[in-house]
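Down below is the structure, laid out as structure tokens.
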Amino acid sequence: MAGTDAWMTRWAAADAARCLRRPTAADDKYSRGVVGLRTGSDAYPGAAVLGVQAAWRTGVGMVRYLGPAGATALVLARRPETVTADGRVQAWVIGSGTDAAARTAGEAAVLAGILAGDMPVVADAGALDLVIGAAAPLVVTPHAGEHARLRALLGLGPAADRAASARSTAAALGAAVLLKGAETVIATPAGWSAVVDAGPPWLATAGTGDVLAGVLGALVAGRWAQRPGTVEDLGPVAATAAWLHGRAAVLAAAQAGHGQAGGAQIGGPITALDVADALPRAVAAILAG
Ligand SMILES: NC(=O)C1=CN([C@@H]2O[C@H](COP(=O)(O)OP(=O)(O)OC[C@H]3O[C@@H](n4cnc5c(N)ncnc54)[C@H](OP(=O)(O)O)[C@@H]3O)[C@@H](O)[C@H]2O)[C@@H](O)CC1
Ligand SMILES: Nc1ncnc2c1ncn2[C@@H]1O[C@H](COP(=O)(O)OP(=O)(O)O)[C@@H](O)[C@H]1O
């Protein structure tokens, strides 16, 4: 399948800057946004750590994590500031590091409640089979394989290219779609779309999608804490999350190559956690203009 339309908006630093907000003296932790993650599982506990770390490093007032005991212990070992009690949030992240086939009936009921609610939801990986008919403002974050499965559930056939595919999924689902890849395509139900190519190929490594979900959850929570929006508002926020994620990967890879001739340009291997840890520098560079 071909890539994207030449005329599509290519999200850039100036676009991302419009979606980021520097905290002010009037802020408190709640006005900056609370993001809740129901991610990770006994099989994939690391995904919980990656998403939580990414959310904190993007900049948010509070991160709640609700998941299995083993994953919770790992999250707290890495980020003791994480709140593990249930409570109000302005955005949910669900599905990263989970397997729909292993989901309990209790967890399915909780996720159904979240998807039927008012608060925006970022749905990834193991939650993508639950999203059809969701009432909450929703953004889904599939990779190519997950996108193909979601389109099959929606009864959609092949599309002309990745951009057309993301757009028709968004229209059929009534949700924003962030289709991951070397070029990440974002589309909304009303037909807005953008492409993000900020990330280097070093990003193709396990767990970077879990990091992206945490970044997006933090940005959505911050946006909704200031001014609740609609599903259409999730498009630019999702494009900004993908842009920051890609930029953080560039910074992390440059650091890995630092000291070698040309190494900072070519970069070096990075891990998902390296990307999360580079996020503050990516955010600071945008806010500094
Ligand atoms: N540290 C952790 O805890 C980590 C936890 N993780 C968690 O693991 C869970 C499983 O996620 P997953 O992506 O590994 O597997 P799955 O959803 O079965 O899809 C794979 C199938 O889709 C296809 N495929 C096509 N295009 C593709 C593409 N671009 N990228 C990938 N696949 C593509 C391809 O099929 P093929 O094309 O080869 O026929 C392939 O067989 C999930 O919960 C995730 O969050 C990971 O994030 C890693 C770090
Ligand atoms: N060749 C590439 N160049 C740049 N970014 C890539 C490339 N391949 C994958 N990515 C990015 O890496 C991330 C991988 O996410 P995902 O497939 O969900 O992996 P995981 O499930 O292991 O976290 C996505 O943000 C995707 O856009």
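By order of appearance in the structure tokens: chains A, B, ..., then residues from 1 within every chain, and ligands from 1 in the order shown.
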List every residue of segment 77-137 of chain A that DSSP, applied to the backbone, labels as strand (DSSP E), and write the result as number ranges by chain. A: 91-94, 121-123
Quick one: DSSP alpha helix (DSSP H) residues in segment 88-246 of chain A, as a PyMOL selection string? chain A and resi 105-115+144-154+162-173+208-226+234-246
Output the neighbourhood of ligand 1 as a ChimeraX atom specification, that is, all protein and nucleic acid residues with some atom at most 10 Å from the ligand, counting only C-alpha atoms and all ligand atoms. /A:39-51,71,94-100,124-128,142-149,179-182,204-211,213,272-273
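You can rank A:Leu234, A:Ala108, A:Val215, A:Ala285 by their closest distance to ligand 2 using only C-alpha atoms and all ligand atoms, and at the top of that list sits A:Val215.
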For Val122 of chain A, which residue among A:Leu219, A:Ala85, A:Leu154, A:Ala54 is the nearest when counting only C-alpha atoms?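 Nearest to Val122 of chain A: A:Leu219.
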All residues 6 Å or closer to segment 277-281 of chain A, only C-alpha atoms, same chain fewer than 6 positions away omitted, as a ChimeraX atom specification: /A:57-58,248,252
Distance of atom CA of Val60 of chain A from atom CA of Ala194 of chain A, expressed in Å to one decimal place: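 Pair atom CA of Ala194 of chain A / atom CA of Val60 of chain A returns 24.7 Å.
Close contacts of Ile132 of chain A, defined as residues with an atom at most 10 Å away when counting only C-alpha atoms, with chain neighbours fewer than 2 positions off set aside, comprise Leu115, Leu128, Asp129, Leu130, Ala134, Ala135, Leu150, Leu153, Leu154, Ala172, Leu173, Gly174 and Ala175 of chain A.
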Between atom CA of Ala187 of chain A and atom CA of Glu232 of chain A, what distance in Å does the model show, to one decimal?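 The value is 9.0 Å.
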Would you kindly return, as a VMD selection string, each protein, DNA or RNA residue with an atom no farther than 6 Å from any atom of Met119 of chain A, considering only C-alpha atoms and excluding same-chain residues fewer than 4 positions away? chain A and resid 90 to 91 136
Write the residues you've just listed into a file as an mmCIF file, in the first residue's frame, and include N, CA and C atoms for each of them.
data_model
loop_
_atom_site.group_PDB
_atom_site.id
_atom_site.type_symbol
_atom_site.label_atom_id
_atom_site.label_comp_id
_atom_site.auth_asym_id
_atom_site.auth_seq_id
_atom_site.Cartn_x
_atom_site.Cartn_y
_atom_site.Cartn_z
ATOM 1 N N GLN A 90 -8.929 13.164 33.632
ATOM 2 C CA GLN A 90 -9.424 13.905 32.450
ATOM 3 C C GLN A 90 -9.111 13.163 31.156
ATOM 4 N N ALA A 91 -8.426 12.014 31.266
ATOM 5 C CA ALA A 91 -8.199 11.169 30.083
ATOM 6 C C ALA A 91 -7.784 9.782 30.559
ATOM 7 N N ALA A 136 -17.476 7.737 24.459
ATOM 8 C CA ALA A 136 -16.440 8.691 24.880
ATOM 9 C C ALA A 136 -15.691 9.219 23.659
#
